[in-house]
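Listing of run.tsv, TSV, N, CA and C atoms
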chain	number	residue	atom	x	y	z
A	664	VAL	N	0.85	-1.18	0.00
A	664	VAL	CA	0.00	0.00	0.00
A	664	VAL	C	0.89	1.24	0.00
A	665	GLN	N	0.56	2.17	-0.89
A	665	GLN	CA	1.29	3.44	-0.92
A	665	GLN	C	0.30	4.60	-0.91
A	666	LEU	N	0.62	5.62	-0.13
A	666	LEU	CA	-0.17	6.83	-0.06
A	666	LEU	C	0.74	8.01	-0.39
A	667	GLN	N	0.32	8.81	-1.35
A	667	GLN	CA	1.11	9.96	-1.79
A	667	GLN	C	0.32	11.23	-1.55
A	668	ALA	N	0.74	11.99	-0.55
A	668	ALA	CA	0.06	13.25	-0.21
A	668	ALA	C	0.71	14.42	-0.93
A	669	SER	N	-0.12	15.38	-1.31
A	669	SER	CA	0.37	16.58	-2.00
A	669	SER	C	-0.61	17.72	-1.78
A	670	GLY	N	-0.21	18.91	-2.23
A	670	GLY	CA	-1.11	20.06	-2.17
A	670	GLY	C	-0.79	21.07	-1.10
A	671	GLY	N	0.17	20.77	-0.23
A	671	GLY	CA	0.52	21.71	0.82
A	671	GLY	C	1.22	22.94	0.26
A	672	GLY	N	1.41	23.92	1.14
A	672	GLY	CA	2.09	25.14	0.70
A	672	GLY	C	2.06	26.20	1.78
A	673	LEU	N	2.52	27.39	1.40
A	673	LEU	CA	2.54	28.55	2.30
A	673	LEU	C	1.43	29.49	1.88
A	674	VAL	N	0.52	29.78	2.81
A	674	VAL	CA	-0.61	30.66	2.52
A	674	VAL	C	-0.77	31.64	3.68
A	675	GLN	N	-1.63	32.63	3.46
A	675	GLN	CA	-1.94	33.59	4.51
A	675	GLN	C	-3.21	33.18	5.24
A	676	ALA	N	-3.36	33.67	6.44
A	676	ALA	CA	-4.58	33.41	7.21
A	676	ALA	C	-5.81	33.83	6.41
A	677	GLY	N	-6.83	32.96	6.41
A	677	GLY	CA	-8.04	33.22	5.65
A	677	GLY	C	-8.06	32.59	4.27
A	678	ASP	N	-6.90	32.15	3.80
A	678	ASP	CA	-6.82	31.51	2.48
A	678	ASP	C	-7.31	30.08	2.53
A	679	SER	N	-7.35	29.45	1.36
A	679	SER	CA	-7.77	28.05	1.23
A	679	SER	C	-6.67	27.23	0.57
A	680	LEU	N	-6.68	25.94	0.88
A	680	LEU	CA	-5.82	24.96	0.24
A	680	LEU	C	-6.60	23.67	0.07
A	681	ARG	N	-6.21	22.88	-0.94
A	681	ARG	CA	-6.80	21.56	-1.11
A	681	ARG	C	-5.68	20.54	-1.11
A	682	LEU	N	-5.75	19.62	-0.17
A	682	LEU	CA	-4.77	18.53	-0.10
A	682	LEU	C	-5.31	17.31	-0.84
A	683	TYR	N	-4.37	16.54	-1.39
A	683	TYR	CA	-4.69	15.34	-2.14
A	683	TYR	C	-3.91	14.16	-1.56
A	684	CYS	N	-4.52	13.00	-1.60
A	684	CYS	CA	-3.81	11.78	-1.20
A	684	CYS	C	-4.20	10.69	-2.18
A	685	ALA	N	-3.23	10.30	-3.01
A	685	ALA	CA	-3.46	9.25	-3.99
A	685	ALA	C	-3.03	7.92	-3.41
A	686	ALA	N	-3.92	6.94	-3.48
A	686	ALA	CA	-3.66	5.62	-2.89
A	686	ALA	C	-3.46	4.58	-3.98
A	687	SER	N	-2.55	3.65	-3.73
A	687	SER	CA	-2.33	2.54	-4.65
A	687	SER	C	-1.99	1.29	-3.86
A	688	GLY	N	-2.15	0.14	-4.50
A	688	GLY	CA	-1.81	-1.11	-3.85
A	688	GLY	C	-2.88	-1.65	-2.93
A	689	LEU	N	-4.09	-1.14	-3.06
A	689	LEU	CA	-5.20	-1.59	-2.23
A	689	LEU	C	-6.50	-1.46	-3.01
A	690	THR	N	-7.52	-2.16	-2.53
A	690	THR	CA	-8.87	-1.97	-3.09
A	690	THR	C	-9.46	-0.77	-2.38
A	691	PHE	N	-9.29	0.38	-2.98
A	691	PHE	CA	-9.52	1.65	-2.32
A	691	PHE	C	-10.91	1.73	-1.71
A	692	ARG	N	-11.91	1.25	-2.41
A	692	ARG	CA	-13.30	1.40	-1.94
A	692	ARG	C	-13.57	0.58	-0.68
A	693	ASP	N	-12.64	-0.28	-0.28
A	693	ASP	CA	-12.81	-1.09	0.93
A	693	ASP	C	-12.12	-0.49	2.15
A	694	TYR	N	-11.50	0.67	1.99
A	694	TYR	CA	-10.68	1.24	3.05
A	694	TYR	C	-11.22	2.58	3.54
A	695	ASP	N	-11.20	2.75	4.86
A	695	ASP	CA	-11.46	4.04	5.45
A	695	ASP	C	-10.20	4.91	5.31
A	696	MET	N	-10.41	6.23	5.15
A	696	MET	CA	-9.30	7.15	4.94
A	696	MET	C	-9.37	8.29	5.95
A	697	ALA	N	-8.22	8.86	6.26
A	697	ALA	CA	-8.20	9.95	7.23
A	697	ALA	C	-7.03	10.88	6.97
A	698	TRP	N	-7.15	12.07	7.53
A	698	TRP	CA	-6.06	13.03	7.58
A	698	TRP	C	-5.72	13.30	9.04
A	699	PHE	N	-4.44	13.34	9.31
A	699	PHE	CA	-3.91	13.74	10.61
A	699	PHE	C	-2.91	14.86	10.36
A	700	ARG	N	-2.52	15.54	11.41
A	700	ARG	CA	-1.50	16.57	11.28
A	700	ARG	C	-0.61	16.59	12.50
A	701	GLN	N	0.60	17.11	12.31
A	701	GLN	CA	1.56	17.19	13.40
A	701	GLN	C	2.34	18.48	13.30
A	702	ALA	N	2.19	19.30	14.31
A	702	ALA	CA	2.94	20.55	14.40
A	702	ALA	C	4.25	20.29	15.14
A	703	PRO	N	5.25	21.14	14.94
A	703	PRO	CA	6.54	20.94	15.61
A	703	PRO	C	6.38	20.85	17.13
A	704	GLY	N	6.95	19.82	17.71
A	704	GLY	CA	6.90	19.66	19.15
A	704	GLY	C	5.59	19.13	19.69
A	705	GLU	N	4.65	18.82	18.80
A	705	GLU	CA	3.34	18.35	19.21
A	705	GLU	C	3.13	16.90	18.79
A	706	ASP	N	2.16	16.26	19.43
A	706	ASP	CA	1.76	14.92	19.00
A	706	ASP	C	0.95	15.00	17.72
A	707	ARG	N	0.94	13.91	16.99
A	707	ARG	CA	0.10	13.83	15.81
A	707	ARG	C	-1.36	13.84	16.23
A	708	GLU	N	-2.18	14.65	15.55
A	708	GLU	CA	-3.58	14.76	15.94
A	708	GLU	C	-4.51	14.50	14.77
A	709	PHE	N	-5.68	14.01	15.10
A	709	PHE	CA	-6.70	13.70	14.11
A	709	PHE	C	-7.27	14.99	13.52
A	710	VAL	N	-7.54	14.97	12.22
A	710	VAL	CA	-8.17	16.10	11.55
A	710	VAL	C	-9.54	15.70	11.01
A	711	ALA	N	-9.59	14.67	10.15
A	711	ALA	CA	-10.85	14.27	9.53
A	711	ALA	C	-10.73	12.85	9.01
A	712	ALA	N	-11.86	12.17	8.91
A	712	ALA	CA	-11.90	10.82	8.37
A	712	ALA	C	-13.14	10.63	7.53
A	713	ILE	N	-13.07	9.67	6.62
A	713	ILE	CA	-14.20	9.35	5.76
A	713	ILE	C	-14.28	7.84	5.61
A	714	ARG	N	-15.48	7.32	5.77
A	714	ARG	CA	-15.67	5.89	5.65
A	714	ARG	C	-15.48	5.42	4.22
A	715	TRP	N	-15.32	4.12	4.05
A	715	TRP	CA	-14.99	3.50	2.77
A	715	TRP	C	-15.98	3.90	1.67
A	716	SER	N	-17.25	4.06	2.03
A	716	SER	CA	-18.27	4.37	1.04
A	716	SER	C	-18.36	5.86	0.75
A	717	GLY	N	-17.76	6.66	1.61
A	717	GLY	CA	-17.90	8.11	1.47
A	717	GLY	C	-19.13	8.66	2.15
A	718	GLY	N	-19.94	7.78	2.74
A	718	GLY	CA	-21.20	8.22	3.30
A	718	GLY	C	-21.12	8.80	4.70
A	719	THR	N	-20.01	8.60	5.38
A	719	THR	CA	-19.84	9.07	6.75
A	719	THR	C	-18.52	9.80	6.88
A	720	THR	N	-18.56	10.96	7.51
A	720	THR	CA	-17.35	11.73	7.76
A	720	THR	C	-17.29	12.12	9.24
A	721	VAL	N	-16.09	12.32	9.72
A	721	VAL	CA	-15.85	12.73	11.10
A	721	VAL	C	-14.79	13.83	11.08
A	722	TYR	N	-14.97	14.83	11.95
A	722	TYR	CA	-14.04	15.95	11.98
A	722	TYR	C	-13.62	16.26	13.41
A	723	ALA	N	-12.40	16.74	13.54
A	723	ALA	CA	-11.97	17.30	14.82
A	723	ALA	C	-12.72	18.61	15.04
A	724	ASP	N	-13.01	18.92	16.29
A	724	ASP	CA	-13.75	20.14	16.59
A	724	ASP	C	-13.05	21.38	16.06
A	725	SER	N	-11.74	21.35	16.04
A	725	SER	CA	-10.96	22.53	15.65
A	725	SER	C	-11.09	22.87	14.16
A	726	VAL	N	-11.58	21.91	13.36
A	726	VAL	CA	-11.68	22.17	11.91
A	726	VAL	C	-13.11	22.11	11.39
A	727	LYS	N	-14.06	21.76	12.24
A	727	LYS	CA	-15.46	21.67	11.81
A	727	LYS	C	-15.91	22.99	11.22
A	728	GLY	N	-16.60	22.90	10.08
A	728	GLY	CA	-17.10	24.11	9.44
A	728	GLY	C	-16.09	24.77	8.52
A	729	ARG	N	-14.82	24.38	8.61
A	729	ARG	CA	-13.79	24.96	7.76
A	729	ARG	C	-13.18	23.95	6.79
A	730	PHE	N	-13.05	22.70	7.23
A	730	PHE	CA	-12.44	21.66	6.41
A	730	PHE	C	-13.50	20.68	5.94
A	731	THR	N	-13.28	20.13	4.74
A	731	THR	CA	-14.17	19.11	4.19
A	731	THR	C	-13.34	17.98	3.60
A	732	ILE	N	-13.62	16.77	4.06
A	732	ILE	CA	-12.96	15.60	3.51
A	732	ILE	C	-13.89	14.93	2.51
A	733	SER	N	-13.33	14.44	1.42
A	733	SER	CA	-14.11	13.74	0.41
A	733	SER	C	-13.21	12.72	-0.27
A	734	ARG	N	-13.81	11.86	-1.08
A	734	ARG	CA	-13.03	10.84	-1.76
A	734	ARG	C	-13.64	10.52	-3.11
A	735	ASP	N	-12.80	10.02	-4.00
A	735	ASP	CA	-13.23	9.56	-5.30
A	735	ASP	C	-12.82	8.11	-5.43
A	736	ASN	N	-13.80	7.22	-5.42
A	736	ASN	CA	-13.54	5.78	-5.47
A	736	ASN	C	-13.43	5.22	-6.88
A	737	ALA	N	-13.48	6.09	-7.88
A	737	ALA	CA	-13.32	5.61	-9.25
A	737	ALA	C	-11.93	4.99	-9.41
A	738	LYS	N	-11.84	3.93	-10.24
A	738	LYS	CA	-10.59	3.18	-10.37
A	738	LYS	C	-9.41	4.04	-10.77
A	739	ASN	N	-9.62	5.01	-11.61
A	739	ASN	CA	-8.50	5.84	-12.09
A	739	ASN	C	-8.25	7.04	-11.19
A	740	LYS	N	-8.94	7.10	-10.03
A	740	LYS	CA	-8.73	8.20	-9.11
A	740	LYS	C	-8.13	7.71	-7.80
A	741	ASN	N	-8.88	6.89	-7.04
A	741	ASN	CA	-8.39	6.37	-5.76
A	741	ASN	C	-7.75	7.48	-4.94
A	742	THR	N	-8.48	8.57	-4.75
A	742	THR	CA	-7.92	9.75	-4.10
A	742	THR	C	-8.85	10.24	-3.00
A	743	VAL	N	-8.24	10.71	-1.93
A	743	VAL	CA	-8.98	11.39	-0.87
A	743	VAL	C	-8.51	12.84	-0.84
A	744	TYR	N	-9.45	13.74	-0.58
A	744	TYR	CA	-9.17	15.17	-0.62
A	744	TYR	C	-9.45	15.79	0.76
A	745	LEU	N	-8.76	16.88	1.03
A	745	LEU	CA	-9.07	17.68	2.20
A	745	LEU	C	-9.11	19.14	1.76
A	746	GLN	N	-10.33	19.66	1.65
A	746	GLN	CA	-10.51	21.07	1.32
A	746	GLN	C	-10.44	21.87	2.61
A	747	MET	N	-9.50	22.80	2.67
A	747	MET	CA	-9.28	23.59	3.89
A	747	MET	C	-9.55	25.06	3.58
A	748	ASN	N	-10.57	25.59	4.23
A	748	ASN	CA	-10.95	26.99	4.03
A	748	ASN	C	-10.70	27.79	5.30
A	749	ASN	N	-10.62	29.09	5.15
A	749	ASN	CA	-10.42	29.99	6.29
A	749	ASN	C	-9.28	29.49	7.19
A	750	LEU	N	-8.15	29.25	6.58
A	750	LEU	CA	-7.01	28.70	7.32
A	750	LEU	C	-6.51	29.68	8.37
A	751	LYS	N	-6.02	29.12	9.47
A	751	LYS	CA	-5.51	29.89	10.59
A	751	LYS	C	-4.06	29.50	10.86
A	752	PRO	N	-3.29	30.37	11.50
A	752	PRO	CA	-1.91	30.01	11.83
A	752	PRO	C	-1.81	28.72	12.63
A	753	ASP	N	-2.81	28.43	13.47
A	753	ASP	CA	-2.80	27.19	14.26
A	753	ASP	C	-2.95	25.94	13.39
A	754	ASP	N	-3.32	26.11	12.13
A	754	ASP	CA	-3.41	24.97	11.22
A	754	ASP	C	-2.06	24.57	10.65
A	755	THR	N	-1.04	25.34	10.93
A	755	THR	CA	0.31	25.03	10.43
A	755	THR	C	0.79	23.70	11.00
A	756	ALA	N	1.15	22.79	10.09
A	756	ALA	CA	1.57	21.45	10.49
A	756	ALA	C	1.95	20.66	9.24
A	757	VAL	N	2.53	19.50	9.47
A	757	VAL	CA	2.67	18.52	8.40
A	757	VAL	C	1.39	17.68	8.43
A	758	TYR	N	0.76	17.56	7.28
A	758	TYR	CA	-0.49	16.81	7.15
A	758	TYR	C	-0.21	15.44	6.54
A	759	TYR	N	-0.73	14.42	7.19
A	759	TYR	CA	-0.53	13.05	6.76
A	759	TYR	C	-1.87	12.42	6.40
A	760	CYS	N	-1.90	11.65	5.32
A	760	CYS	CA	-3.07	10.83	5.06
A	760	CYS	C	-2.77	9.42	5.56
A	761	ALA	N	-3.81	8.73	5.92
A	761	ALA	CA	-3.69	7.39	6.48
A	761	ALA	C	-4.88	6.57	6.05
A	762	THR	N	-4.68	5.25	6.07
A	762	THR	CA	-5.76	4.37	5.67
A	762	THR	C	-5.74	3.07	6.47
A	763	THR	N	-6.91	2.47	6.56
A	763	THR	CA	-7.05	1.19	7.21
A	763	THR	C	-8.26	0.49	6.63
A	764	SER	N	-8.30	-0.83	6.78
A	764	SER	CA	-9.51	-1.55	6.39
A	764	SER	C	-10.62	-1.12	7.34
A	765	ARG	N	-11.84	-1.38	6.96
A	765	ARG	CA	-13.00	-0.82	7.64
A	765	ARG	C	-12.93	-1.03	9.15
A	766	VAL	N	-13.12	0.08	9.87
A	766	VAL	CA	-13.10	0.01	11.33
A	766	VAL	C	-14.42	0.56	11.86
A	767	ALA	N	-14.63	0.37	13.15
A	767	ALA	CA	-15.84	0.90	13.78
A	767	ALA	C	-15.83	2.42	13.73
A	768	TYR	N	-17.01	3.00	13.69
A	768	TYR	CA	-17.13	4.46	13.65
A	768	TYR	C	-16.36	5.09	14.80
A	769	SER	N	-16.45	4.49	15.97
A	769	SER	CA	-15.80	5.05	17.16
A	769	SER	C	-14.28	5.04	17.06
A	770	ALA	N	-13.73	4.29	16.13
A	770	ALA	CA	-12.27	4.17	15.99
A	770	ALA	C	-11.71	5.07	14.91
A	771	LEU	N	-12.54	5.78	14.19
A	771	LEU	CA	-12.06	6.54	13.03
A	771	LEU	C	-11.08	7.64	13.40
A	772	ALA	N	-11.19	8.19	14.59
A	772	ALA	CA	-10.33	9.32	14.97
A	772	ALA	C	-9.06	8.91	15.70
A	773	ALA	N	-8.86	7.62	15.86
A	773	ALA	CA	-7.71	7.15	16.64
A	773	ALA	C	-6.51	6.88	15.74
A	774	THR	N	-5.38	7.44	16.11
A	774	THR	CA	-4.14	7.21	15.35
A	774	THR	C	-3.84	5.72	15.23
A	775	SER	N	-4.06	5.01	16.28
A	775	SER	CA	-3.74	3.58	16.34
A	775	SER	C	-4.59	2.73	15.42
A	776	SER	N	-5.69	3.29	14.89
A	776	SER	CA	-6.56	2.52	14.00
A	776	SER	C	-5.97	2.36	12.61
A	777	TYR	N	-4.99	3.19	12.25
A	777	TYR	CA	-4.53	3.28	10.87
A	777	TYR	C	-3.23	2.54	10.66
A	778	ARG	N	-3.26	1.67	9.67
A	778	ARG	CA	-2.11	0.80	9.40
A	778	ARG	C	-1.11	1.41	8.44
A	779	TYR	N	-1.61	2.18	7.48
A	779	TYR	CA	-0.74	2.72	6.42
A	779	TYR	C	-0.76	4.24	6.45
A	780	TRP	N	0.43	4.84	6.25
A	780	TRP	CA	0.58	6.28	6.33
A	780	TRP	C	1.35	6.80	5.13
A	781	GLY	N	0.97	7.99	4.68
A	781	GLY	CA	1.71	8.68	3.63
A	781	GLY	C	2.87	9.45	4.22
A	782	GLN	N	3.59	10.14	3.35
A	782	GLN	CA	4.83	10.80	3.77
A	782	GLN	C	4.60	12.20	4.34
A	783	GLY	N	3.43	12.76	4.17
A	783	GLY	CA	3.15	14.08	4.74
A	783	GLY	C	3.38	15.21	3.75
A	784	THR	N	2.61	16.27	3.92
A	784	THR	CA	2.78	17.48	3.12
A	784	THR	C	2.67	18.68	4.05
A	785	GLN	N	3.57	19.63	3.90
A	785	GLN	CA	3.66	20.76	4.82
A	785	GLN	C	2.64	21.83	4.46
A	786	VAL	N	1.91	22.27	5.48
A	786	VAL	CA	1.00	23.41	5.35
A	786	VAL	C	1.46	24.48	6.34
A	787	THR	N	1.74	25.65	5.82
A	787	THR	CA	2.17	26.78	6.66
A	787	THR	C	1.24	27.96	6.42
A	788	VAL	N	0.66	28.45	7.51
A	788	VAL	CA	-0.28	29.56	7.44
A	788	VAL	C	0.32	30.74	8.18
A	789	SER	N	0.55	31.82	7.47
A	789	SER	CA	1.12	33.01	8.09
A	789	SER	C	0.01	33.95	8.52
A	790	SER	N	0.28	34.71	9.57
A	790	SER	CA	-0.74	35.64	10.11
A	790	SER	C	-0.65	36.99	9.43
Would it be possible to restate this file's structure as C-alpha cells?
Amino acid sequence: VQLQASGGGLVQAGDSLRLYCAASGLTFRDYDMAWFRQAPGEDREFVAAIRWSGGTTVYADSVKGRFTISRDNAKNKNTVYLQMNNLKPDDTAVYYCATTSRVAYSALAATSSYRYWGQGTQVTVSS
C-alpha cells in the first residue's frame, strides 16, 4: 500500500488549500481514509476521516465548518481530498493521510486505527 500526499504550501490566514492523497496497492473502496497533522513539538492529531463508502465523515472540533474531507472511489482516481478553508496560523503542520480496512465508527479518529501512512505534506499559514 502506498499513499502519496500533496497540495501543501505557504498561505496567509483566511486563504484556502486543497490537499490530495493518492492511494495505490489496495482496493480503495474497501478502506477508510483519514487526515492527521503534526505541528513541531506536538503529538500527531486527528483532523478528519471518511468511511470507505464516502457516506460518513468525522471531523476534529478545531476544523469543523472549515475543512471538508471527500473521496473519489473511481478506479482511475483512488484519491482522498481535504478542502481547507479559512485557514488559521494554528493549522500550520505537516499533514498526513492514512488508511485502514473498515473500522468501527468510534475508531475513526484514533491514530492507532490506521495501518498505512503517507509521507506528509507541509501546510504553513502566516498571520
Given all atoms listed in the file as the counted atoms, nearest of A:Leu673, A:Ala737, A:Val766, A:Val757 to Tyr694 in chain A: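 Comparing A:Leu673, A:Ala737, A:Val766, A:Val757 against Tyr694 in chain A, the winner is A:Val766.
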Gap from CA of Arg729 in chain A to CA of Asp695 in chain A - Å, one decimal: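 About the pair CA of Arg729 in chain A and CA of Asp695 in chain A: they are 21.2 Å apart.
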Which centre and edge lengths in Å to one decimal define the box along x, y and z that fits every listed atom of range 688-703 of chain A plus 3 Å per side, as JSON?
{"center_x": -3.5, "center_y": 9.5, "center_z": 6.3, "size_x": 26.1, "size_y": 29.3, "size_z": 27.6}
I want to know what sits within 8 Å of Lys727 in chain A, based on all atoms listed in the file, with residues of the same chain fewer than 5 positions away left out; could you give that as a JSON list (two decimals) with N, CA and C atoms, keeping the file's coordinate frame?
[["chain", "number", "residue", "atom", "x", "y", "z"],
["A", 710, "VAL", "N", -7.54, 14.97, 12.22],
["A", 710, "VAL", "CA", -8.17, 16.10, 11.55],
["A", 710, "VAL", "C", -9.54, 15.70, 11.01],
["A", 721, "VAL", "N", -16.09, 12.32, 9.72],
["A", 721, "VAL", "CA", -15.85, 12.73, 11.10],
["A", 721, "VAL", "C", -14.79, 13.83, 11.08],
["A", 722, "TYR", "N", -14.97, 14.83, 11.95],
["A", 722, "TYR", "CA", -14.04, 15.95, 11.98],
["A", 722, "TYR", "C", -13.62, 16.26, 13.41]]
Residue set, chain A restricted to strand (DSSP E or B), as JSON, numbers by chain: {"A": [665, 666, 667, 668, 669, 672, 673, 674, 675, 680, 681, 682, 683, 684, 685, 686, 687, 694, 695, 696, 697, 698, 699, 700, 701, 708, 709, 710, 711, 712, 713, 720, 721, 722, 730, 731, 732, 733, 734, 735, 742, 743, 744, 745, 746, 747, 756, 757, 758, 759, 760, 761, 762, 763, 764, 779, 780, 784, 785, 786, 787, 788, 789]}
One-decimal distance in Å that lies between atom N of Val664 in chain A and CA of Ile732 in chain A: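 Rounded to one decimal, the two atoms are 22.0 Å apart.
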A:Thr731, A:Ala685, A:Val788, A:Arg692 ranked by distance to Asn748 in chain A, top pick (using all atoms listed in the file): A:Thr731
Residue nearest Ala712 in chain A among A:Leu682, A:Asp753, A:Gly781, A:Phe699 (counting all atoms listed in the file): A:Phe699
Nearest to Thr762 in chain A by atom-to-atom distance, counting only N, CA and C atoms, from A:Gly728, A:Leu666, A:Gly783, A:Arg707: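 Smallest separation from Thr762 in chain A among the options: A:Leu666.
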Counting all atoms listed in the file, the residue of A:Leu750, A:Phe709, A:Arg778, A:Thr719 that sits nearest Val674 in chain A: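 Under the stated criterion, the closest residue is A:Leu750.
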Between atom N of Thr774 in chain A and CA of Glu708 in chain A, distance in Å (one decimal):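 Atom-to-atom, atom N of Thr774 in chain A to CA of Glu708 in chain A, that is 7.5 Å.
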Nearest to Gln667 in chain A, chosen from A:Ser764, A:Ser776, A:Asn749, A:Asn741, with only C-alpha atoms counted in the distances: A:Asn741
Contact residues around Arg681 in chain A with all atoms listed in the file at 5 Å, ignoring same-chain residues under 5 positions, as a list of chain:residue names: A:Gly670, A:Leu745, A:Gln746, A:Met747
Surrounding residues of Gln782 in chain A excluding itself and chain neighbours under 4 positions, 8 Å, all atoms listed in the file, as a PyMOL selection string: chain A and resi 665-669+757-761
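Residues lying within 8 Å of (0.8, 27.6, 8.0). Counted over all atoms listed in the file, they are A:Gly672, A:Leu673, A:Val674, A:Gln675, A:Ala676, A:Leu750, A:Lys751, A:Pro752, A:Asp753, A:Asp754, A:Thr755, A:Ala756, A:Gln785, A:Val786, A:Thr787, A:Val788, A:Ser789, A:Ser790.
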Shell of 6 Å around Thr742 in chain A, all atoms listed in the file, local chain residues under 6 positions omitted, as a short mmCIF file (atom, residue, chain, number, x, y, z; two decimals) with N, CA and C atoms, in the coordinates of the input:
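Saved file selection-v2.cif follows:
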data_model
loop_
_atom_site.label_atom_id
_atom_site.label_comp_id
_atom_site.auth_asym_id
_atom_site.auth_seq_id
_atom_site.Cartn_x
_atom_site.Cartn_y
_atom_site.Cartn_z
N CYS A 684 -4.52 13.00 -1.60
CA CYS A 684 -3.81 11.78 -1.20
C CYS A 684 -4.20 10.69 -2.18
N ALA A 685 -3.23 10.30 -3.01
CA ALA A 685 -3.46 9.25 -3.99
C ALA A 685 -3.03 7.92 -3.41
N ALA A 686 -3.92 6.94 -3.48
CA ALA A 686 -3.66 5.62 -2.89
C ALA A 686 -3.46 4.58 -3.98
N SER A 733 -13.33 14.44 1.42
CA SER A 733 -14.11 13.74 0.41
C SER A 733 -13.21 12.72 -0.27
N ARG A 734 -13.81 11.86 -1.08
CA ARG A 734 -13.03 10.84 -1.76
C ARG A 734 -13.64 10.52 -3.11
N ASP A 735 -12.80 10.02 -4.00
CA ASP A 735 -13.23 9.56 -5.30
C ASP A 735 -12.82 8.11 -5.43
N ASN A 736 -13.80 7.22 -5.42
CA ASN A 736 -13.54 5.78 -5.47
C ASN A 736 -13.43 5.22 -6.88
#
Rebuild range 691-697 of chain A to all heavy atoms - output it as a PDB file, in the coordinates of the input, please.
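Wrote part-v8.pdb, looks like this:
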ATOM      1  N   PHE A 691      -9.290   0.380  -2.980  1.00  0.00           N
ATOM      2  CA  PHE A 691      -9.520   1.650  -2.320  1.00  0.00           C
ATOM      3  C   PHE A 691     -10.910   1.730  -1.710  1.00  0.00           C
ATOM      4  O   PHE A 691     -11.071   2.240  -0.588  1.00  0.00           O
ATOM      5  CB  PHE A 691      -9.303   2.775  -3.330  1.00  0.00           C
ATOM      6  CG  PHE A 691      -9.395   4.159  -2.772  1.00  0.00           C
ATOM      7  CD1 PHE A 691      -8.418   4.639  -1.915  1.00  0.00           C
ATOM      8  CD2 PHE A 691     -10.449   4.998  -3.101  1.00  0.00           C
ATOM      9  CE1 PHE A 691      -8.486   5.922  -1.396  1.00  0.00           C
ATOM     10  CE2 PHE A 691     -10.532   6.277  -2.599  1.00  0.00           C
ATOM     11  CZ  PHE A 691      -9.537   6.744  -1.741  1.00  0.00           C
ATOM     12  N   ARG A 692     -11.910   1.250  -2.410  1.00  0.00           N
ATOM     13  CA  ARG A 692     -13.300   1.400  -1.940  1.00  0.00           C
ATOM     14  C   ARG A 692     -13.570   0.580  -0.680  1.00  0.00           C
ATOM     15  O   ARG A 692     -14.617   0.721  -0.061  1.00  0.00           O
ATOM     16  CB  ARG A 692     -14.269   1.003  -3.043  1.00  0.00           C
ATOM     17  CG  ARG A 692     -14.199  -0.455  -3.438  1.00  0.00           C
ATOM     18  CD  ARG A 692     -15.192  -0.791  -4.537  1.00  0.00           C
ATOM     19  NE  ARG A 692     -15.124  -2.204  -4.908  1.00  0.00           N
ATOM     20  CZ  ARG A 692     -14.306  -2.702  -5.804  1.00  0.00           C
ATOM     21  NH1 ARG A 692     -13.467  -1.895  -6.444  1.00  0.00           N
ATOM     22  NH2 ARG A 692     -14.314  -4.004  -6.094  1.00  0.00           N
ATOM     23  N   ASP A 693     -12.640  -0.280  -0.280  1.00  0.00           N
ATOM     24  CA  ASP A 693     -12.810  -1.090   0.930  1.00  0.00           C
ATOM     25  C   ASP A 693     -12.120  -0.490   2.150  1.00  0.00           C
ATOM     26  O   ASP A 693     -12.145  -1.094   3.231  1.00  0.00           O
ATOM     27  CB  ASP A 693     -12.255  -2.492   0.717  1.00  0.00           C
ATOM     28  CG  ASP A 693     -13.116  -3.320  -0.213  1.00  0.00           C
ATOM     29  OD1 ASP A 693     -14.308  -2.966  -0.398  1.00  0.00           O
ATOM     30  OD2 ASP A 693     -12.606  -4.309  -0.769  1.00  0.00           O
ATOM     31  N   TYR A 694     -11.500   0.670   1.990  1.00  0.00           N
ATOM     32  CA  TYR A 694     -10.680   1.240   3.050  1.00  0.00           C
ATOM     33  C   TYR A 694     -11.220   2.580   3.540  1.00  0.00           C
ATOM     34  O   TYR A 694     -11.618   3.432   2.735  1.00  0.00           O
ATOM     35  CB  TYR A 694      -9.243   1.426   2.566  1.00  0.00           C
ATOM     36  CG  TYR A 694      -8.436   0.155   2.570  1.00  0.00           C
ATOM     37  CD1 TYR A 694      -8.706  -0.865   1.669  1.00  0.00           C
ATOM     38  CD2 TYR A 694      -7.415  -0.035   3.497  1.00  0.00           C
ATOM     39  CE1 TYR A 694      -7.982  -2.038   1.690  1.00  0.00           C
ATOM     40  CE2 TYR A 694      -6.686  -1.199   3.518  1.00  0.00           C
ATOM     41  CZ  TYR A 694      -6.962  -2.207   2.612  1.00  0.00           C
ATOM     42  OH  TYR A 694      -6.244  -3.361   2.639  1.00  0.00           O
ATOM     43  N   ASP A 695     -11.200   2.750   4.860  1.00  0.00           N
ATOM     44  CA  ASP A 695     -11.460   4.040   5.450  1.00  0.00           C
ATOM     45  C   ASP A 695     -10.200   4.910   5.310  1.00  0.00           C
ATOM     46  O   ASP A 695      -9.083   4.414   5.339  1.00  0.00           O
ATOM     47  CB  ASP A 695     -11.801   3.904   6.929  1.00  0.00           C
ATOM     48  CG  ASP A 695     -13.067   3.101   7.153  1.00  0.00           C
ATOM     49  OD1 ASP A 695     -13.970   3.157   6.301  1.00  0.00           O
ATOM     50  OD2 ASP A 695     -13.157   2.414   8.191  1.00  0.00           O
ATOM     51  N   MET A 696     -10.410   6.230   5.150  1.00  0.00           N
ATOM     52  CA  MET A 696      -9.300   7.150   4.940  1.00  0.00           C
ATOM     53  C   MET A 696      -9.370   8.290   5.950  1.00  0.00           C
ATOM     54  O   MET A 696     -10.452   8.674   6.391  1.00  0.00           O
ATOM     55  CB  MET A 696      -9.366   7.744   3.531  1.00  0.00           C
ATOM     56  CG  MET A 696      -9.312   6.743   2.397  1.00  0.00           C
ATOM     57  SD  MET A 696      -7.732   5.919   2.264  1.00  0.00           S
ATOM     58  CE  MET A 696      -6.623   7.287   1.934  1.00  0.00           C
ATOM     59  N   ALA A 697      -8.220   8.860   6.260  1.00  0.00           N
ATOM     60  CA  ALA A 697      -8.200   9.950   7.230  1.00  0.00           C
ATOM     61  C   ALA A 697      -7.030  10.880   6.970  1.00  0.00           C
ATOM     62  O   ALA A 697      -6.053  10.526   6.292  1.00  0.00           O
ATOM     63  CB  ALA A 697      -8.088   9.400   8.647  1.00  0.00           C
TER      64      ALA A 697
END
